[in-house]
Number of protein chains: 2
Amino acid sequence: MILRKLDKKPEEAREGELGLSECLLDRTGFLLKKAALRIQEAYEGRLDPLGMAAKHYGVLSVLEEKGSITQHEIGRCIYVDRTTMVGILDDLEKKGLVERKEHPTDRRSHAVYLTSKGKEAVGKAHHLASTVEKRFLECLSAREQKELRQILRKLVVSHYSSTKASERGEG
Amino acid sequence: MILRKLDKKPEEAREGELGLSECLLDRTGFLLKKAALRIQEAYEGRLDPLGMAAKHYGVLSVLEEKGSITQHEIGRCIYVDRTTMVGILDDLEKKGLVERKEHPTDRRSHAVYLTSKGKEAVGKAHHLASTVEKRFLECLSAREQKELRQILRKLVVSHYSSTKASERGEG
DNA sequence: AAGTGATAATCAGTAATACTGATTATCAGT
DNA sequence: ACTGATAATCAGTATTACTGATTATCACTT
């Protein structure tokens with residue numbers, strides 16, 4: 001292929017094809033990374049009305065599902081580093097959506113709880129997240145959407161053990 | 001669920017289930033992000049012997065496929081920002097894998113070429129990348145692997161237009 | 001009861017990434 | 001010559017995920 005900058009507008013030069021790289025569109029690594037960026041972009045700002053970002057939503061979801069658990073356990077559930085958890089919980093506590101309480105049996109740990117405000121927020125967040133994902137995935141058939149989730153889930157769970165060992169209490 | 005820190009080792013407490021969040025394992029956003037991180041991790045260091053990282057591999061692939069194109073065009077092919085391209089090409093030029101030459105008709109642009117060393121490197125990189133992905137995907141059936149690529153490709157191409165307009169020459 | 005090694009939360013600092021905005025040189029069209 | 005757009009570059013920002021160290025506490029040994 002020869003340089004052909006000045007003869008045509010780029011958009012017209014490659015109609016359907018868009019000029020993307022064929023080779024990389026067959027690399028799962030490339031595709032995963034770009035798809036992840038795009039959906040992150042789709043989420044961006046959508047949770048702002050609730051005073052949270054995607055990272056906060058993940059924590060609230062886990063707390064809703066599991067009840068009161070420690071910071072370390074939340075991290076394990078959502079593959080988030082212990083040091084990153086501190087900041088996320090600081091945010092959420094400041095917003096009044098969670099509380100760090102004394103752990104009943106282990107004074108090193110914090111027992112993290114959803115406040116009633118937090119419970120309300122996570123309900124709304126579920127709704128917003130569903131809307132965002134629905135729109136993002138609408139270029140796929142219902143079957144493809146389901147298949148994508150199943151396959152990704154398999155991948156993520158299989159590679160669970162590749163998370164840094166120190167973060168899973170196996171040091 | 002009640003706090004139950006001290007009665008069991010975490011590993012034994014939840015055998016198959018691993019304590020992951022059911023709710024988030026149904027969120028495509030969460031799954032895409034974590035899967036992308038894991039495969040990135042799988043790539044990490046594997047291209048070092050060739051003196052490059054994944055981001056360099058992407059650029060070399062495009063150049064191999066499209067021949068000499070401008071920096072901006074490379075970026076469009078692989079969804080990389082113009083400012084990020086500068087650094088990546090600096091690296092590659094330093095390693096002697098690409099050359100920035102004068103563009104034959106547009107003196108603002110650079111015509112970027114693979115050197116013979118670069119051509120050799122990208123061939124080896126293809127091989128390494130295939131190995132990395134094969135291992136990463138081996139928890140999936142051949143059908144699932146193919147399906148995953150097709151679905152992700154559909155997603156990425158559909159959301160091509162959500163790339164920052166300024167990066168696609170539509171400002 | 002004291003001692004040892006592991007663990008939970010925290011903090012400070014690092015490295016990588018993707019970006020914004022400004023600058024310079026050049027181009028295309030008036 | 002003048003205007004607005006574009007290509008490459010640079011400086012600086014925000015975010016993310018992490019490393020390593022610290023403090024308090026726990027579980028277990030002796």
# chains A, B, ... in the order shown; residues from 1 in each chain; ligands from 1

$ closest_atom_pairs --of "chain A" --to "chain D" --cutoff "9 Å" --atoms "only C-alpha atoms (C1' of nucleotides)" --output "Markdown table"
| residue | atom | partner | partner_atom | distance |
| --- | --- | --- | --- | --- |
| A:Val80 | CA | D:DA17 | C1' | 8.7 |
| A:Asp81 | CA | D:DA17 | C1' | 7.5 |
| A:Thr83 | CA | D:DC18 | C1' | 8.6 |
| A:Thr84 | CA | D:DA17 | C1' | 7.8 |
| A:Asp106 | CA | D:DC26 | C1' | 7.5 |
| A:Arg107 | CA | D:DT25 | C1' | 6.4 |
| A:Arg108 | CA | D:DT25 | C1' | 5.3 |
| A:Ser109 | CA | D:DT25 | C1' | 8.9 |

$ closest_atom_pairs --of "chain C" --to "chain A" --cutoff "10 Å" --atoms "only C-alpha atoms (C1' of nucleotides)" --output "Markdown table"
| residue | atom | partner | partner_atom | distance |
| --- | --- | --- | --- | --- |
| C:DA6 | C1' | A:Gly171 | CA | 8.7 |
| C:DT7 | C1' | A:Gly169 | CA | 8.0 |
| C:DA8 | C1' | A:Arg108 | CA | 5.2 |
| C:DA9 | C1' | A:Ser109 | CA | 7.0 |
| C:DT10 | C1' | A:Val86 | CA | 7.5 |
| C:DC11 | C1' | A:Thr83 | CA | 9.0 |
| C:DC27 | C1' | A:Leu6 | CA | 9.7 |
| C:DA28 | C1' | A:Leu6 | CA | 9.9 |

$ closest_residue --among "A:His127, A:Lys117, A:Arg100, A:Lys66" --to "chain B" --atoms "only C-alpha atoms"
A:Lys66

$ select_by_dssp --residues "segment 82-132 of chain B" --states "alpha helix (DSSP H)" --output "PyMOL selection string"
chain B and resi 82-94+116-132

$ write_last_selection --atoms "N, CA and C atoms" --output "compact mmCIF listing (two decimals), in the first residue's frame"
# COMPACT_ATOMS: atom_id res chain seq x y z
N ARG B 82 -2.76 10.32 19.10
CA ARG B 82 -1.62 10.91 18.38
C ARG B 82 -0.43 11.16 19.30
N THR B 83 -0.71 11.63 20.52
CA THR B 83 0.40 11.97 21.43
C THR B 83 1.08 10.70 21.95
N THR B 84 0.32 9.65 22.08
CA THR B 84 0.88 8.38 22.55
C THR B 84 1.76 7.76 21.46
N MET B 85 1.35 7.96 20.21
CA MET B 85 2.11 7.42 19.08
C MET B 85 3.54 7.94 19.06
N VAL B 86 3.69 9.20 19.38
CA VAL B 86 5.03 9.82 19.35
C VAL B 86 6.01 9.00 20.19
N GLY B 87 5.62 8.70 21.40
CA GLY B 87 6.48 7.95 22.30
C GLY B 87 6.76 6.54 21.82
N ILE B 88 5.72 5.88 21.33
CA ILE B 88 5.89 4.50 20.86
C ILE B 88 6.87 4.46 19.68
N LEU B 89 6.70 5.41 18.76
CA LEU B 89 7.59 5.44 17.59
C LEU B 89 9.01 5.84 17.99
N ASP B 90 9.13 6.71 18.99
CA ASP B 90 10.46 7.05 19.51
C ASP B 90 11.17 5.78 19.96
N ASP B 91 10.45 4.98 20.75
CA ASP B 91 11.02 3.71 21.23
C ASP B 91 11.47 2.84 20.06
N LEU B 92 10.55 2.66 19.11
CA LEU B 92 10.81 1.73 18.00
C LEU B 92 11.95 2.23 17.12
N GLU B 93 12.02 3.53 16.97
CA GLU B 93 13.09 4.08 16.15
C GLU B 93 14.44 3.89 16.85
N LYS B 94 14.43 4.09 18.17
CA LYS B 94 15.64 3.90 18.95
C LYS B 94 16.14 2.46 18.83
N SER B 116 14.39 -3.51 7.98
CA SER B 116 14.45 -4.97 7.79
C SER B 116 14.51 -5.65 9.15
N LYS B 117 15.19 -4.99 10.09
CA LYS B 117 15.22 -5.50 11.46
C LYS B 117 13.80 -5.53 12.05
N GLY B 118 13.03 -4.51 11.72
CA GLY B 118 11.66 -4.43 12.21
C GLY B 118 10.79 -5.52 11.61
N LYS B 119 11.01 -5.82 10.32
CA LYS B 119 10.24 -6.87 9.66
C LYS B 119 10.51 -8.22 10.30
N GLU B 120 11.78 -8.42 10.59
CA GLU B 120 12.16 -9.68 11.23
C GLU B 120 11.51 -9.77 12.61
N ALA B 121 11.59 -8.65 13.35
CA ALA B 121 11.06 -8.64 14.72
C ALA B 121 9.56 -8.90 14.75
N VAL B 122 8.84 -8.30 13.81
CA VAL B 122 7.38 -8.45 13.86
C VAL B 122 6.98 -9.89 13.53
N GLY B 123 7.75 -10.55 12.70
CA GLY B 123 7.49 -11.96 12.42
C GLY B 123 7.62 -12.81 13.67
N LYS B 124 8.70 -12.57 14.39
CA LYS B 124 8.90 -13.31 15.65
C LYS B 124 7.82 -12.93 16.67
N ALA B 125 7.44 -11.66 16.67
CA ALA B 125 6.43 -11.21 17.62
C ALA B 125 5.08 -11.88 17.35
N HIS B 126 4.74 -12.04 16.09
CA HIS B 126 3.50 -12.75 15.76
C HIS B 126 3.51 -14.13 16.41
N HIS B 127 4.64 -14.77 16.29
CA HIS B 127 4.75 -16.13 16.81
C HIS B 127 4.58 -16.15 18.33
N LEU B 128 5.29 -15.24 18.99
CA LEU B 128 5.17 -15.16 20.45
C LEU B 128 3.75 -14.82 20.89
N ALA B 129 3.14 -13.88 20.18
CA ALA B 129 1.78 -13.46 20.54
C ALA B 129 0.81 -14.63 20.40
N SER B 130 0.99 -15.40 19.35
CA SER B 130 0.12 -16.56 19.16
C SER B 130 0.25 -17.54 20.32
N THR B 131 1.48 -17.74 20.75
CA THR B 131 1.72 -18.65 21.87
C THR B 131 1.05 -18.15 23.14
N VAL B 132 1.23 -16.86 23.42
CA VAL B 132 0.63 -16.27 24.62
C VAL B 132 -0.88 -16.43 24.59

$ residues_around --residues "Leu140 of chain A" --least-positions-apart "4" --cutoff "10 Å" --atoms "only C-alpha atoms (C1' of nucleotides)" --output "list in words"
Lys134, Phe136, Glu144, Gln145, Lys146 and Leu148 of chain A; Ile151, Leu152, Lys154, Leu155 and Ser158 of chain B

$ write_last_selection --atoms "N, CA, C and O atoms" --output "PDB file, in the first residue's frame"
ATOM      1  N   LYS A 134     -26.878  -2.317  28.238  1.00  0.00           N
ATOM      2  CA  LYS A 134     -27.851  -2.642  27.194  1.00  0.00           C
ATOM      3  C   LYS A 134     -27.535  -1.856  25.918  1.00  0.00           C
ATOM      4  O   LYS A 134     -27.504  -2.398  24.823  1.00  0.00           O
ATOM      5  N   PHE A 136     -24.675  -0.414  25.143  1.00  0.00           N
ATOM      6  CA  PHE A 136     -23.356  -0.787  24.625  1.00  0.00           C
ATOM      7  C   PHE A 136     -23.421  -2.075  23.813  1.00  0.00           C
ATOM      8  O   PHE A 136     -22.730  -2.236  22.807  1.00  0.00           O
ATOM      9  N   GLU A 144     -25.624 -13.629  21.333  1.00  0.00           N
ATOM     10  CA  GLU A 144     -24.221 -13.215  21.410  1.00  0.00           C
ATOM     11  C   GLU A 144     -23.905 -12.539  22.737  1.00  0.00           C
ATOM     12  O   GLU A 144     -22.831 -12.743  23.314  1.00  0.00           O
ATOM     13  N   GLN A 145     -24.839 -11.739  23.209  1.00  0.00           N
ATOM     14  CA  GLN A 145     -24.618 -11.059  24.485  1.00  0.00           C
ATOM     15  C   GLN A 145     -24.437 -12.067  25.616  1.00  0.00           C
ATOM     16  O   GLN A 145     -23.538 -11.935  26.442  1.00  0.00           O
ATOM     17  N   LYS A 146     -25.280 -13.073  25.594  1.00  0.00           N
ATOM     18  CA  LYS A 146     -25.228 -14.081  26.632  1.00  0.00           C
ATOM     19  C   LYS A 146     -23.938 -14.897  26.520  1.00  0.00           C
ATOM     20  O   LYS A 146     -23.246 -15.152  27.504  1.00  0.00           O
ATOM     21  N   LEU A 148     -21.151 -13.986  25.144  1.00  0.00           N
ATOM     22  CA  LEU A 148     -20.011 -13.157  25.533  1.00  0.00           C
ATOM     23  C   LEU A 148     -19.810 -13.194  27.038  1.00  0.00           C
ATOM     24  O   LEU A 148     -18.705 -13.421  27.528  1.00  0.00           O
TER      25      LEU A 148
ATOM     26  N   ILE B 151     -17.281 -11.834  18.351  1.00  0.00           N
ATOM     27  CA  ILE B 151     -18.160 -10.937  19.102  1.00  0.00           C
ATOM     28  C   ILE B 151     -17.406  -9.661  19.503  1.00  0.00           C
ATOM     29  O   ILE B 151     -17.909  -8.542  19.348  1.00  0.00           O
ATOM     30  N   LEU B 152     -16.198  -9.840  19.987  1.00  0.00           N
ATOM     31  CA  LEU B 152     -15.420  -8.671  20.403  1.00  0.00           C
ATOM     32  C   LEU B 152     -15.152  -7.760  19.215  1.00  0.00           C
ATOM     33  O   LEU B 152     -15.219  -6.534  19.312  1.00  0.00           O
ATOM     34  N   LYS B 154     -16.942  -7.391  16.601  1.00  0.00           N
ATOM     35  CA  LYS B 154     -18.188  -6.684  16.312  1.00  0.00           C
ATOM     36  C   LYS B 154     -18.356  -5.484  17.247  1.00  0.00           C
ATOM     37  O   LYS B 154     -18.694  -4.379  16.817  1.00  0.00           O
ATOM     38  N   LEU B 155     -18.086  -5.722  18.516  1.00  0.00           N
ATOM     39  CA  LEU B 155     -18.193  -4.654  19.510  1.00  0.00           C
ATOM     40  C   LEU B 155     -17.225  -3.513  19.218  1.00  0.00           C
ATOM     41  O   LEU B 155     -17.606  -2.345  19.216  1.00  0.00           O
ATOM     42  N   SER B 158     -18.129  -1.632  16.033  1.00  0.00           N
ATOM     43  CA  SER B 158     -19.331  -0.819  16.232  1.00  0.00           C
ATOM     44  C   SER B 158     -19.049   0.443  17.015  1.00  0.00           C
ATOM     45  O   SER B 158     -19.676   1.465  16.798  1.00  0.00           O
TER      46      SER B 158
END

$ interface_residues --of "chain B" --to "chain A" --cutoff "6 Å" --atoms "only C-alpha atoms" --output "list in words"
Met1, Leu3, Gly19, Leu20, Ser21, Leu31, Leu32, Lys33, Ala35, Ala36, Val62, Lys66, Gly67, Cys77, Leu152 and Val156 of chain B

$ select_by_dssp --residues "chain A" --states "strand (DSSP E)" --output "number ranges by chain"
A: 98-102, 110-114

$ atom_distance --atom1 "atom CA of Ala53 of chain A" --atom2 "atom CA of Lys95 of chain A"
12.1 Å

$ atom_distance --atom1 "atom CA of Leu47 of chain A" --atom2 "atom CA of Arg135 of chain A"
14.9 Å

$ atom_distance --atom1 "atom CA of Glu44 of chain A" --atom2 "atom CA of Val98 of chain A"
22.0 Å
